[in-house]
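**Student:** So here's query_36.cif (mmCIF, C-alpha atoms).
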```cif
data_target
#
loop_
_atom_site.label_atom_id
_atom_site.label_comp_id
_atom_site.auth_asym_id
_atom_site.auth_seq_id
_atom_site.Cartn_x
_atom_site.Cartn_y
_atom_site.Cartn_z
CA MET W 1 0.00 0.00 0.00
CA LYS W 2 2.91 2.26 0.82
CA ASP W 3 4.28 1.95 -2.68
CA LEU W 4 1.03 2.88 -4.28
CA VAL W 5 0.66 6.05 -2.29
CA ALA W 6 4.28 6.99 -2.61
CA CYS W 7 4.65 6.58 -6.35
CA PRO W 8 2.01 8.96 -7.68
CA THR W 9 3.37 11.78 -5.56
CA LEU W 10 6.64 11.31 -7.40
CA VAL W 11 4.88 11.54 -10.74
CA PHE W 12 2.87 14.58 -9.85
CA PRO W 13 4.84 17.08 -7.84
CA THR W 14 2.95 18.94 -5.17
CA VAL W 15 1.85 22.25 -6.54
CA ASP W 16 0.08 24.58 -4.10
CA ASP W 17 -0.46 27.47 -6.49
CA THR W 18 -3.61 26.59 -8.42
CA ASN W 19 -2.57 28.65 -11.43
CA THR W 20 0.38 26.43 -12.14
CA ALA W 21 -1.36 23.19 -11.19
CA TYR W 22 -1.58 20.56 -13.87
CA ARG W 23 -4.93 20.68 -15.55
CA GLY W 24 -6.96 18.04 -17.22
CA VAL W 25 -5.71 14.58 -17.99
CA ILE W 26 -2.21 14.00 -16.63
CA ALA W 27 -1.33 10.40 -17.37
CA LEU W 28 -2.62 7.11 -18.74
CA LEU W 29 -1.49 3.65 -17.73
CA ILE W 30 -2.75 0.38 -19.17
CA ILE W 31 -2.26 -2.79 -17.17
CA ASN W 32 -2.84 -6.21 -18.69
CA LYS W 33 -4.76 -8.97 -16.96
CA ALA W 34 -1.59 -10.41 -15.43
CA GLY W 35 -0.67 -7.13 -13.79
CA GLY W 36 2.02 -6.15 -16.27
CA LEU W 37 2.31 -2.57 -17.46
CA ILE W 38 1.70 -2.47 -21.21
CA TYR W 39 1.27 1.25 -21.82
CA ASN W 40 2.42 4.34 -20.00
CA ARG W 41 2.18 7.94 -21.11
CA THR W 42 2.15 11.31 -19.41
CA PHE W 43 0.54 14.42 -20.87
CA GLY W 44 1.86 17.85 -20.11
CA GLU W 45 5.32 19.19 -19.53
CA GLY W 46 7.44 19.34 -16.42
CA LEU W 47 6.18 16.15 -14.84
CA ASN W 48 8.76 14.19 -12.93
CA GLN W 49 9.04 10.77 -14.47
CA LEU W 50 9.54 7.58 -12.54
CA ASN W 51 12.14 5.19 -13.83
CA SER W 52 10.72 2.36 -15.87
CA ASN W 53 11.20 -0.21 -13.12
CA ASP W 54 9.17 1.87 -10.69
CA TYR W 55 6.39 2.10 -13.24
CA LEU W 56 6.30 -1.68 -13.46
CA VAL W 57 6.22 -1.92 -9.66
CA LEU W 58 3.43 0.65 -9.53
CA ALA W 59 1.39 -1.32 -12.06
CA GLY W 60 1.94 -4.61 -10.27
CA THR W 61 1.07 -3.10 -6.90
CA PHE W 62 -2.07 -1.49 -8.21
CA HIS W 63 -3.09 -4.80 -9.76
CA GLY W 64 -2.72 -6.48 -6.37
CA VAL W 65 -4.58 -3.75 -4.50
CA HIS W 66 -7.35 -3.88 -7.08
CA ALA W 67 -7.69 -7.63 -6.61
CA ILE W 68 -7.92 -7.14 -2.83
CA THR W 69 -10.50 -4.37 -3.05
CA ALA W 70 -12.60 -6.54 -5.35
CA ARG W 71 -12.96 -9.03 -2.49
CA LEU W 72 -13.54 -6.47 0.24
CA ASN W 73 -17.30 -6.60 0.05
CA PRO W 74 -19.31 -7.12 3.23
CA LEU W 75 -22.50 -7.86 1.29
CA ARG W 76 -20.96 -10.45 -1.01
CA GLU W 77 -21.95 -13.54 0.96
CA HIS W 78 -25.43 -12.21 1.46
CA GLN W 79 -25.85 -11.47 -2.23
CA ALA W 80 -24.54 -14.87 -3.25
CA ALA W 81 -26.89 -16.64 -0.84
CA HIS W 82 -29.80 -14.64 -2.16
CA TYR W 83 -28.85 -15.51 -5.73
CA HIS W 84 -28.61 -19.22 -4.98
CA ALA W 85 -31.96 -19.19 -3.22
CA GLN W 86 -33.49 -17.56 -6.27
CA GLN W 87 -31.88 -20.15 -8.54
CA GLN W 88 -33.26 -23.00 -6.47
CA HIS W 89 -36.70 -21.53 -6.56
CA GLN W 90 -36.55 -21.15 -10.32
CA HIS W 91 -35.26 -24.69 -10.70
CA GLN W 92 -38.12 -26.16 -8.73
CA ALA W 93 -40.64 -24.17 -10.70
CA SER W 94 -39.33 -25.37 -14.03
CA GLY W 95 -38.79 -28.89 -12.73
CA SER W 96 -42.50 -29.41 -12.28
CA LEU W 97 -43.03 -28.55 -15.93
CA GLY W 98 -40.54 -31.25 -16.90
CA GLY W 99 -39.07 -29.00 -19.58
CA GLY W 100 -35.63 -29.54 -21.00
CA GLY W 101 -34.49 -25.93 -21.01
CA SER W 102 -34.69 -25.32 -17.30
CA SER W 103 -32.72 -22.09 -17.29
CA GLY W 104 -34.36 -20.63 -20.37
CA GLY W 105 -37.89 -21.68 -19.57
CA GLY W 106 -37.63 -20.74 -15.93
CA GLY W 107 -37.99 -17.07 -16.63
CA GLN W 108 -41.57 -17.17 -17.79
CA GLY W 109 -43.04 -17.28 -14.29
CA GLY W 110 -41.51 -14.19 -12.76
CA PRO W 111 -38.66 -11.80 -13.37
CA LEU W 112 -35.40 -13.40 -14.50
CA PRO W 113 -33.00 -14.16 -11.66
CA SER W 114 -30.51 -11.36 -11.58
CA ARG W 115 -26.94 -12.51 -11.36
CA PRO W 116 -25.16 -10.34 -8.81
CA GLU W 117 -22.91 -7.73 -10.34
CA PRO W 118 -19.33 -8.91 -10.16
CA PRO W 119 -17.42 -6.81 -7.65
CA SER W 120 -15.68 -4.03 -9.52
CA GLY W 121 -12.89 -3.33 -7.08
CA LEU W 122 -11.18 0.00 -6.80
CA GLU W 123 -12.70 2.53 -9.16
CA VAL W 124 -11.67 6.00 -8.02
CA MET W 125 -8.93 7.27 -5.77
CA GLU W 126 -8.80 10.93 -4.92
CA THR W 127 -5.92 12.77 -3.39
CA GLU W 128 -5.09 16.38 -2.84
CA ASN W 129 -3.32 16.71 -6.17
CA PHE W 130 -4.91 14.28 -8.54
CA ARG W 131 -7.73 11.85 -9.11
CA LEU W 132 -7.17 8.31 -10.31
CA GLN W 133 -9.94 6.63 -12.24
CA CYS W 134 -9.68 2.92 -12.97
CA PHE W 135 -11.65 1.14 -15.65
CA ASN W 136 -11.56 -2.63 -15.68
CA THR W 137 -12.62 -4.19 -18.98
CA GLN W 138 -14.48 -7.50 -19.31
CA THR W 139 -11.20 -9.18 -20.16
CA GLY W 140 -9.35 -7.83 -17.14
CA THR W 141 -7.34 -5.11 -18.82
CA LYS W 142 -7.19 -2.05 -16.58
CA PHE W 143 -7.07 1.54 -17.77
CA LEU W 144 -5.77 4.04 -15.23
CA LEU W 145 -6.45 7.67 -15.98
CA PHE W 146 -4.81 10.30 -13.77
CA THR W 147 -6.58 13.64 -13.92
CA ASP W 148 -6.70 16.74 -11.79
CA THR W 149 -9.36 16.74 -9.07
CA MET W 150 -11.65 19.17 -10.90
CA GLN W 151 -11.76 17.30 -14.21
CA ALA W 152 -15.34 16.62 -15.31
CA ASN W 153 -16.58 13.79 -17.50
CA VAL W 154 -13.73 11.43 -16.81
CA ASP W 155 -16.09 8.59 -17.73
CA VAL W 156 -16.47 10.01 -21.22
CA ALA W 157 -12.72 10.41 -21.61
CA MET W 158 -12.17 6.88 -20.35
CA ARG W 159 -14.73 5.54 -22.79
CA LYS W 160 -13.01 7.33 -25.66
CA VAL W 161 -9.61 6.01 -24.62
CA TYR W 162 -11.08 2.50 -24.54
CA ASP W 163 -12.55 3.10 -28.00
CA LEU W 164 -9.17 4.18 -29.34
CA TYR W 165 -7.55 1.13 -27.75
CA ALA W 166 -10.14 -1.19 -29.29
CA ASP W 167 -9.63 0.41 -32.70
CA TYR W 168 -5.96 1.15 -33.03
CA VAL W 169 -4.44 -1.54 -30.83
CA MET W 170 -6.76 -4.52 -31.07
CA LYS W 171 -7.31 -4.19 -34.83
CA ASN W 172 -3.62 -3.88 -35.54
CA PRO W 173 -2.28 -7.13 -37.00
CA PHE W 174 1.16 -6.50 -35.51
CA TYR W 175 0.01 -6.21 -31.91
CA GLN W 176 0.51 -9.28 -29.76
CA LEU W 177 -1.99 -9.71 -26.97
CA GLU W 178 -0.81 -8.88 -23.44
CA MET W 179 2.41 -7.37 -24.77
CA PRO W 180 3.50 -3.73 -24.49
CA VAL W 181 1.56 -1.43 -26.81
CA ARG W 182 3.74 0.08 -29.52
CA CYS W 183 1.34 1.47 -32.07
CA ASP W 184 2.11 4.84 -33.65
CA MET W 185 -1.47 5.33 -34.71
CA PHE W 186 -2.75 4.81 -31.14
CA ASP W 187 -0.19 7.28 -29.78
CA ARG W 188 -1.16 9.85 -32.35
CA LYS W 189 -4.91 9.59 -31.87
CA LEU W 190 -4.59 9.50 -28.09
CA ASN W 191 -2.36 12.57 -28.04
CA SER W 192 -4.69 14.60 -30.19
CA TYR W 193 -7.72 13.57 -28.13
CA ILE W 194 -6.10 14.39 -24.78
CA ARG W 195 -4.80 17.69 -26.15
CA GLU W 196 -8.35 18.48 -27.21
CA ILE W 197 -9.68 17.89 -23.67
CA ASN W 198 -6.86 19.70 -21.95
CA ASN W 199 -7.10 22.73 -24.20
CA SER W 200 -10.86 22.99 -23.92
CA ARG W 201 -10.62 23.91 -20.24
CA MET N 1 -27.07 -41.46 -49.53
CA SER N 2 -29.64 -38.73 -49.60
CA ASN N 3 -27.41 -36.52 -47.53
CA LEU N 4 -24.80 -36.44 -50.28
CA THR N 5 -27.13 -35.13 -52.96
CA PRO N 6 -29.59 -32.82 -51.27
CA ALA N 7 -32.63 -32.00 -53.35
CA LYS N 8 -32.60 -28.51 -54.71
CA GLY N 9 -34.41 -25.99 -52.57
CA LYS N 10 -34.49 -28.29 -49.57
CA GLU N 11 -31.16 -27.26 -48.02
CA GLN N 12 -31.04 -26.65 -44.34
CA PRO N 13 -30.91 -22.96 -43.49
CA GLY N 14 -27.51 -22.00 -42.18
CA LEU N 15 -24.47 -20.02 -43.14
CA ARG N 16 -24.52 -21.27 -46.71
CA TYR N 17 -28.24 -21.33 -47.27
CA PRO N 18 -30.21 -18.47 -45.75
CA SER N 19 -33.70 -19.28 -44.55
CA ASN N 20 -35.36 -17.33 -47.37
CA GLY N 21 -33.48 -19.43 -49.93
CA LYS N 22 -31.79 -16.43 -51.52
CA THR N 23 -28.06 -17.09 -51.77
CA ILE N 24 -25.59 -14.54 -53.04
CA TYR N 25 -26.12 -16.02 -56.52
CA HIS N 26 -29.80 -15.13 -56.44
CA ARG N 27 -29.15 -11.44 -55.99
CA PRO N 28 -29.18 -9.27 -59.08
CA LEU N 29 -25.76 -8.23 -60.30
CA ASN N 30 -26.99 -4.73 -61.02
CA ARG N 31 -27.43 -3.24 -57.63
CA ALA N 32 -28.28 0.39 -57.86
CA LYS N 33 -27.52 1.15 -54.26
CA THR N 34 -24.16 0.29 -52.78
CA SER N 35 -24.50 -1.93 -49.78
CA GLU N 36 -22.05 -1.09 -47.07
CA LEU N 37 -20.21 -3.46 -44.78
CA SER N 38 -18.99 -2.96 -41.25
CA GLN N 39 -15.52 -1.50 -41.21
CA ALA N 40 -14.76 -3.14 -37.89
CA SER N 41 -15.45 -6.63 -39.23
CA PHE N 42 -13.32 -5.88 -42.25
CA ALA N 43 -10.53 -4.59 -40.01
CA TYR N 44 -10.53 -7.82 -37.98
CA LEU N 45 -10.65 -9.96 -41.12
CA PHE N 46 -7.84 -8.02 -42.76
CA SER N 47 -5.84 -8.19 -39.55
CA GLU N 48 -6.09 -11.98 -39.67
CA MET N 49 -5.18 -11.99 -43.36
CA VAL N 50 -2.01 -10.04 -42.62
CA GLY N 51 -1.28 -12.34 -39.70
CA TYR N 52 -1.75 -15.37 -41.93
CA ALA N 53 0.46 -13.91 -44.65
CA SER N 54 3.25 -13.09 -42.19
CA LYS N 55 3.70 -16.69 -41.09
CA ARG N 56 7.13 -18.07 -41.98
CA ILE N 57 8.14 -15.20 -44.21
CA GLU N 58 11.71 -14.60 -45.28
CA SER N 59 11.48 -10.88 -45.89
CA ILE N 60 9.11 -7.93 -46.05
CA GLN N 61 8.93 -8.32 -49.83
CA ASP N 62 7.79 -11.88 -49.23
CA LEU N 63 4.91 -10.65 -47.08
CA GLU N 64 3.93 -7.98 -49.60
CA LYS N 65 4.03 -10.58 -52.36
CA ARG N 66 1.64 -12.79 -50.41
CA LEU N 67 -0.78 -9.95 -49.75
CA ASN N 68 -0.56 -9.09 -53.44
CA THR N 69 -1.40 -12.70 -54.33
CA GLN N 70 -4.43 -12.59 -52.02
CA GLY N 71 -5.77 -9.53 -53.81
CA HIS N 72 -5.09 -10.62 -57.37
CA PRO N 73 -8.11 -12.95 -57.93
CA ILE N 74 -10.41 -10.30 -56.42
CA GLY N 75 -9.27 -7.84 -59.07
CA LEU N 76 -9.80 -10.34 -61.87
CA LYS N 77 -13.38 -10.98 -60.75
CA LEU N 78 -14.19 -7.37 -59.94
CA LEU N 79 -13.27 -6.28 -63.46
CA ASP N 80 -16.08 -8.38 -64.92
CA LEU N 81 -18.57 -7.25 -62.30
CA LEU N 82 -17.74 -3.57 -62.66
CA LEU N 83 -17.97 -3.67 -66.45
CA HIS N 84 -21.28 -5.50 -66.17
CA ARG N 85 -22.66 -2.74 -63.95
CA GLU N 86 -21.62 -0.01 -66.34
CA PRO N 87 -24.33 1.44 -68.58
CA ALA N 88 -24.63 -0.60 -71.77
CA ARG N 89 -23.07 2.09 -73.92
CA THR N 90 -19.75 2.12 -72.01
CA GLN N 91 -19.64 -1.58 -71.29
CA THR N 92 -16.53 -2.21 -73.37
CA ARG N 93 -13.36 -3.24 -71.62
CA PRO N 94 -10.73 -0.49 -71.44
CA LEU N 95 -8.57 -0.29 -74.55
CA THR N 96 -5.99 2.29 -73.56
CA ILE N 97 -3.90 2.75 -70.47
CA ILE N 98 -5.68 5.99 -69.62
CA THR N 99 -9.18 4.52 -69.75
CA LEU N 100 -8.01 1.54 -67.72
CA LEU N 101 -6.46 3.71 -65.02
CA HIS N 102 -9.52 5.91 -65.01
CA LEU N 103 -11.71 2.84 -64.48
CA ILE N 104 -9.53 1.88 -61.53
CA LYS N 105 -9.49 5.37 -60.05
CA GLN N 106 -13.25 5.90 -60.35
CA GLN N 107 -15.27 2.71 -60.56
CA LEU N 108 -13.01 0.29 -58.72
CA TRP N 109 -12.21 2.70 -55.90
CA THR N 110 -15.83 3.76 -55.48
CA HIS N 111 -16.93 0.14 -55.39
CA LEU N 112 -14.33 -0.86 -52.82
CA PHE N 113 -13.92 2.23 -50.66
CA GLY N 114 -16.92 4.44 -51.40
CA ARG N 115 -14.92 7.28 -52.93
CA ALA N 116 -12.61 7.89 -55.87
CA ALA N 117 -8.82 7.70 -55.50
CA ASP N 118 -7.12 10.98 -54.59
CA GLY N 119 -4.79 11.21 -57.54
CA LEU N 120 -3.61 9.70 -60.77
CA GLU N 121 -0.24 10.68 -62.18
CA LYS N 122 2.21 9.64 -64.84
CA SER N 123 5.84 9.26 -63.91
CA SER N 124 7.66 12.50 -64.70
CA ASP N 125 10.88 10.57 -65.31
CA PRO N 126 11.27 10.30 -69.13
CA SER N 127 13.29 7.07 -68.74
CA ARG N 128 10.26 5.36 -67.18
CA PRO N 129 7.30 5.97 -69.46
CA ASP N 130 5.76 2.68 -68.32
CA GLU N 131 5.10 3.86 -64.75
CA TYR N 132 1.88 5.38 -63.51
CA MET N 133 0.87 6.28 -59.99
CA ILE N 134 -2.50 6.00 -58.25
CA ILE N 135 -2.51 7.96 -55.01
CA ASP N 136 -4.63 7.34 -51.95
CA ASN N 137 -4.22 9.71 -49.03
CA GLU N 138 -5.70 7.37 -46.45
CA PRO N 139 -6.10 3.77 -47.61
CA LEU N 140 -9.05 2.14 -45.90
CA VAL N 141 -7.15 -1.11 -45.39
CA ASN N 142 -4.45 0.70 -43.39
CA ARG N 143 -6.91 2.57 -41.21
CA TYR N 144 -6.06 0.80 -37.96
CA ILE N 145 -2.64 -0.56 -38.81
CA SER N 146 0.56 0.73 -37.24
CA VAL N 147 3.55 -0.90 -38.86
CA PRO N 148 6.34 -1.69 -36.38
CA ARG N 149 9.63 0.18 -36.81
CA ASP N 150 11.63 -2.87 -37.87
CA MET N 151 9.22 -3.42 -40.80
CA SER N 152 9.06 0.20 -41.89
CA GLN N 153 9.13 -0.56 -45.63
CA LEU N 154 5.98 -2.63 -45.32
CA ASN N 155 2.72 -1.23 -46.56
CA CYS N 156 -0.26 -3.53 -46.08
CA ALA N 157 -2.03 -1.82 -48.98
CA ALA N 158 -0.05 -4.35 -51.05
CA PHE N 159 -3.36 -6.20 -50.88
CA VAL N 160 -5.03 -3.35 -52.79
CA ALA N 161 -2.06 -3.31 -55.17
CA GLY N 162 -2.86 -6.97 -55.85
CA ILE N 163 -6.46 -6.07 -56.67
CA ILE N 164 -5.25 -3.37 -59.10
CA GLU N 165 -2.87 -5.86 -60.64
CA GLY N 166 -5.73 -8.29 -61.10
CA VAL N 167 -7.81 -5.67 -62.90
CA CYS N 168 -4.85 -4.76 -65.17
CA ASP N 169 -4.08 -8.40 -65.93
CA GLY N 170 -7.72 -9.19 -66.56
CA SER N 171 -8.05 -6.43 -69.12
CA ALA N 172 -4.89 -7.65 -70.93
CA PHE N 173 -2.59 -4.92 -69.65
CA PRO N 174 -0.08 -7.06 -67.76
CA ALA N 175 1.50 -4.94 -65.04
CA ARG N 176 3.31 -5.09 -61.74
CA VAL N 177 1.70 -3.00 -59.02
CA THR N 178 3.40 -2.14 -55.74
CA ALA N 179 2.31 -0.02 -52.79
CA HIS N 180 4.65 2.55 -51.25
CA SER N 181 4.18 4.75 -48.21
CA VAL N 182 5.12 8.35 -48.87
CA GLY N 183 3.62 9.78 -45.70
CA LYS N 184 6.63 10.25 -43.48
CA GLN N 185 9.89 9.45 -45.20
CA GLN N 186 11.20 11.05 -48.38
CA ALA N 187 9.05 10.37 -51.39
CA THR N 188 10.42 7.95 -53.93
CA PRO N 189 12.17 9.61 -56.88
CA ALA N 190 9.36 8.52 -59.15
CA ALA N 191 6.76 10.13 -56.92
CA ASP N 192 8.75 13.34 -56.56
CA GLY N 193 7.06 14.87 -59.55
CA GLY N 194 3.80 14.51 -57.69
CA GLY N 195 2.93 18.15 -57.54
CA GLU N 196 3.98 21.00 -55.30
CA ASP N 197 1.72 20.00 -52.42
CA GLY N 198 4.09 17.14 -51.62
CA GLY N 199 5.56 18.75 -48.51
CA GLU N 200 2.21 19.78 -47.12
CA GLY N 201 0.51 16.52 -48.03
CA LYS N 202 3.09 14.52 -46.12
CA GLU N 203 2.19 16.33 -42.90
CA MET N 204 -1.52 16.09 -43.44
CA TRP N 205 -1.69 12.49 -44.60
CA PRO N 206 0.72 10.32 -42.66
CA GLY N 207 -0.70 7.21 -44.33
CA ARG N 208 -0.46 8.54 -47.89
CA THR N 209 0.14 5.61 -50.23
CA VAL N 210 1.25 5.55 -53.85
CA PHE N 211 0.36 2.54 -55.98
CA LEU N 212 3.06 2.31 -58.60
CA VAL N 213 1.72 0.63 -61.75
CA LYS N 214 4.51 -0.61 -64.02
CA PHE N 215 3.17 -1.94 -67.29
CA ALA N 216 4.90 -4.67 -69.25
CA PRO N 217 6.93 -3.54 -72.33
CA GLU N 218 4.46 -5.11 -74.78
CA VAL N 219 1.68 -2.91 -73.41
CA LEU N 220 3.71 0.21 -74.18
CA GLU N 221 4.54 -1.15 -77.63
CA ARG N 222 0.88 -1.80 -78.41
CA GLU N 223 -0.08 1.59 -77.06
CA SER N 224 2.38 3.30 -79.42
CA PHE N 225 0.89 1.44 -82.41
CA LEU N 226 -2.59 2.44 -81.33
CA GLY N 227 -1.49 6.04 -81.03
CA LYS N 228 -0.32 6.08 -84.66
CA GLY N 229 -3.51 4.50 -86.01
#
```
Rewrite the structure of this file - the entire thing - as structure tokens.
**Tutor:**
Amino acid sequence: MKDLVACPTLVFPTVDDTNTAYRGVIALLIINKAGGLIYNRTFGEGLNQLNSNDYLVLAGTFHGVHAITARLNPLREHQAAHYHAQQQHQHQASGSLGGGGSSGGGGQGGPLPSRPEPPSGLEVMETENFRLQCFNTQTGTKFLLFTDTMQANVDVAMRKVYDLYADYVMKNPFYQLEMPVRCDMFDRKLNSYIREINNSR
Amino acid sequence: MSNLTPAKGKEQPGLRYPSNGKTIYHRPLNRAKTSELSQASFAYLFSEMVGYASKRIESIQDLEKRLNTQGHPIGLKLLDLLLHREPARTQTRPLTIITLLHLIKQQLWTHLFGRAADGLEKSSDPSRPDEYMIIDNEPLVNRYISVPRDMSQLNCAAFVAGIIEGVCDGSAFPARVTAHSVGKQQATPAADGGGEDGGEGKEMWPGRTVFLVKFAPEVLERESFLGKG
């Protein structure tokens, strides 16, 4: 935990004068499903950079913390029990009909059993100097967007970054899954998009 | 043995036989409206095609050759289809280099990419009268492709070059067509004559591609005879 808190303060130097504070989107990190750092970029000048090893440590640590926070859910057991009870009820109802498609046909009686939302883990971390937003995709890739604390519509920006990733990384025949992202086109589109947000404020 | 020779019209609906019985062969060849396809599905398909072509290759030229070979039969078949869709009066196959290149720039490009090519030029080098250039500022096939640094000469539009080559070969103008990126690095000497906007265009269109069409000597010879007659 210490690492995680310590590292971002190195990336984003404490600036008390709000006029010179970094505005808008400051940095983007992409972490693959194994916790490896596959993309790392800062936006804006004068940011102190970590050395590449520290970035890898930061990514790995965040991955671990994210996995822990995903399990820190006091209601989890309760939800699971509720879900199973619902399932059983549905099963009995469809069993009396003697139908083959028990799961498909079970829904006709009442509302479909709702599968509990998978725990999302850490989503936002706010500090005095920056705000970290994490977006975890269905496949376990994590996008970390560092913005200033006043940045609005981070969700929209995150969505757009994910769009760009899906287009210019995943549709590139030369990209190998789970490996570091080295795609000129992605860099270019990302830069112009982030510049657009940062200049519009 | 009935499953080996299914009765006509009684095929099971599926990928090959749609439920309404209309296969691709039932559709009229003369479609007035262009039907569009998803660019994302094409991007994934093309990505796999490039991946397939880059298995066990010796060199970049090898990969471009394979992409070219994949495009060639498409060009051969498209030539017939495009000529068929022309109005009856202009349904003849192209007889001169200019009409052929114009067919490629207009009809072929519009059919494939929904717009005409951005430029058509003749090599300004007098020693190479057999070279023509078709210019595309942003080839659709390269839309999502970033070529790694160690393969910088590669241009995946070699597939489109193969299609052009197929059209040229099919209309009895044997030619070699290659795709070259002129977006970032210095333009090739042949493409240098490509107008004064070269410097500006390079900045604006990083993916700018030149398709260099090099006709066989006999084509030039025939063309010169035709010119006299």
**Student:** I'd like the neighbourhood of Ala53 (chain N) as a list of chain:residue names, where a residue qualifies if any of its atoms comes within 8 Å (using all atoms listed in the file), though same-chain residues fewer than 2 positions away should be ignored.
**Tutor:**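 Here the qualifying residues turn out to be N:Met49, N:Val50, N:Gly51, N:Lys55, N:Ile57, N:Leu63, N:Arg66, N:Leu67.
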**Student:** For the residues in that selection, give me C-alpha atoms as a PDB file, in the coordinates of the input.
**Tutor:**
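part-v7.pdb, written as the output of this step:
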```pdb
ATOM      1  CA  MET N  49      -5.180 -11.990 -43.360  1.00  0.00           C
ATOM      2  CA  VAL N  50      -2.010 -10.040 -42.620  1.00  0.00           C
ATOM      3  CA  GLY N  51      -1.280 -12.340 -39.700  1.00  0.00           C
ATOM      4  CA  LYS N  55       3.700 -16.690 -41.090  1.00  0.00           C
ATOM      5  CA  ILE N  57       8.140 -15.200 -44.210  1.00  0.00           C
ATOM      6  CA  LEU N  63       4.910 -10.650 -47.080  1.00  0.00           C
ATOM      7  CA  ARG N  66       1.640 -12.790 -50.410  1.00  0.00           C
ATOM      8  CA  LEU N  67      -0.780  -9.950 -49.750  1.00  0.00           C
TER       9      LEU N  67
END
```
**Student:** Under the rule of at most 9 Å, produce a per-residue listing of chain W near chain N: chain, number, name, the closest pair of atoms, and the distance in Å, as a Markdown table, using all atoms listed in the file.
**Tutor:**
```
| residue | atom | partner | partner_atom | distance |
| --- | --- | --- | --- | --- |
| W:Asp167 | CA | N:Tyr144 | CA | 6.4 |
| W:Tyr168 | CA | N:Tyr144 | CA | 4.9 |
| W:Val169 | CA | N:Tyr144 | CA | 7.7 |
| W:Met170 | CA | N:Tyr44 | CA | 8.5 |
| W:Lys171 | CA | N:Tyr44 | CA | 5.8 |
| W:Asn172 | CA | N:Ile145 | CA | 4.8 |
| W:Pro173 | CA | N:Ser47 | CA | 4.5 |
| W:Phe174 | CA | N:Val147 | CA | 6.9 |
| W:Tyr175 | CA | N:Ser146 | CA | 8.8 |
| W:Arg182 | CA | N:Pro148 | CA | 7.5 |
| W:Cys183 | CA | N:Ser146 | CA | 5.3 |
| W:Asp184 | CA | N:Ser146 | CA | 5.7 |
| W:Met185 | CA | N:Ser146 | CA | 5.6 |
| W:Phe186 | CA | N:Ser146 | CA | 8.1 |
```
**Student:** Expanded to explicit residues, what is the PyMOL selection byres ((chain N and resi 68) around 12) for this file, as a PyMOL selection string?
**Tutor:** chain N and resi 49-50+53+61-67+69-75+155-166+176-179+211
**Student:** Between CA of Pro217 (chain N) and CA of Asp118 (chain N), what is the spacing in Å?
**Tutor:**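 That distance, rounded to one decimal, is 26.9 Å.
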**Student:** Give me the residues within 9 Å of Pro174 (chain N) as a ChimeraX atom specification, counting all atoms listed in the file and dropping any in the same chain fewer than 5 places off.
**Tutor:** /N:165-166,168-169,214-216,218-219
**Student:** Might you pull out every residue within 10 Å of Lys189 (chain W), with only C-alpha atoms counted and same-chain residues fewer than 5 positions away left off, and present them as a list in words?
**Tutor:**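 My list of contacting residues is Val161, Leu164, Tyr165, Tyr168, Asp184, Ile194 and Arg195 of chain W.
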**Student:** Name the residues that the PyMOL selection byres ((chain W and resi 140) around 12) picks from the file above, as a PyMOL selection string, using the file's chain letters and numbers.
**Tutor:** chain W and resi 30-36+63+66-67+120-121+134-139+141-143+178
**Student:** Using the chain letters and numbers from the file, give me the residues hit by the PyMOL selection byres ((chain N and resi 104) around 12), as a PyMOL selection string.
**Tutor:** chain N and resi 75+78-79+82-83+93-94+97-103+105-113+115-120+133-135+160-161+163-168+171+211+213
**Student:** If you measure from CA of Leu76 (chain N) to CA of Glu58 (chain N), what distance in Å do you get, rounded to one decimal?
**Tutor:**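 Value for the CA of Leu76 (chain N)-CA of Glu58 (chain N) distance: 27.5 Å.
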**Student:** Using Å and a single decimal, report how far CA of Met151 (chain N) sits from CA of Arg41 (chain W).
**Tutor:** 23.8 Å
**Student:** To box region 143-159 of chain W, take all atoms listed in the file, fit an axis-aligned box, add 5 Å on each side, and give centre and edge lengths in Å to one decimal, as lines of an AutoDock Vina configuration file.
**Tutor:**
```
center_x = -10.7
center_y = 10.4
center_z = -15.9
size_x = 21.8
size_y = 27.6
size_z = 23.7
```
**Student:** Rebuild N, CA and C atoms on region 165-171 of chain W, as an mmCIF file, in the frame of the given file?
**Tutor:**
```cif
data_model
loop_
_atom_site.group_PDB
_atom_site.id
_atom_site.type_symbol
_atom_site.label_atom_id
_atom_site.label_comp_id
_atom_site.auth_asym_id
_atom_site.auth_seq_id
_atom_site.Cartn_x
_atom_site.Cartn_y
_atom_site.Cartn_z
ATOM 1 N N TYR W 165 -8.309 2.364 -27.978
ATOM 2 C CA TYR W 165 -7.550 1.130 -27.750
ATOM 3 C C TYR W 165 -8.151 -0.014 -28.570
ATOM 4 N N ALA W 166 -9.481 -0.107 -28.547
ATOM 5 C CA ALA W 166 -10.140 -1.190 -29.290
ATOM 6 C C ALA W 166 -9.879 -1.054 -30.784
ATOM 7 N N ASP W 167 -9.827 0.191 -31.271
ATOM 8 C CA ASP W 167 -9.630 0.410 -32.700
ATOM 9 C C ASP W 167 -8.167 0.227 -33.106
ATOM 10 N N TYR W 168 -7.309 1.022 -32.476
ATOM 11 C CA TYR W 168 -5.960 1.150 -33.030
ATOM 12 C C TYR W 168 -4.961 0.170 -32.422
ATOM 13 N N VAL W 169 -5.341 -0.523 -31.362
ATOM 14 C CA VAL W 169 -4.440 -1.540 -30.830
ATOM 15 C C VAL W 169 -4.960 -2.926 -31.181
ATOM 16 N N MET W 170 -6.247 -3.167 -30.885
ATOM 17 C CA MET W 170 -6.760 -4.520 -31.070
ATOM 18 C C MET W 170 -6.960 -4.879 -32.542
ATOM 19 N N LYS W 171 -7.129 -3.869 -33.412
ATOM 20 C CA LYS W 171 -7.310 -4.190 -34.830
ATOM 21 C C LYS W 171 -6.000 -4.116 -35.593
#
```
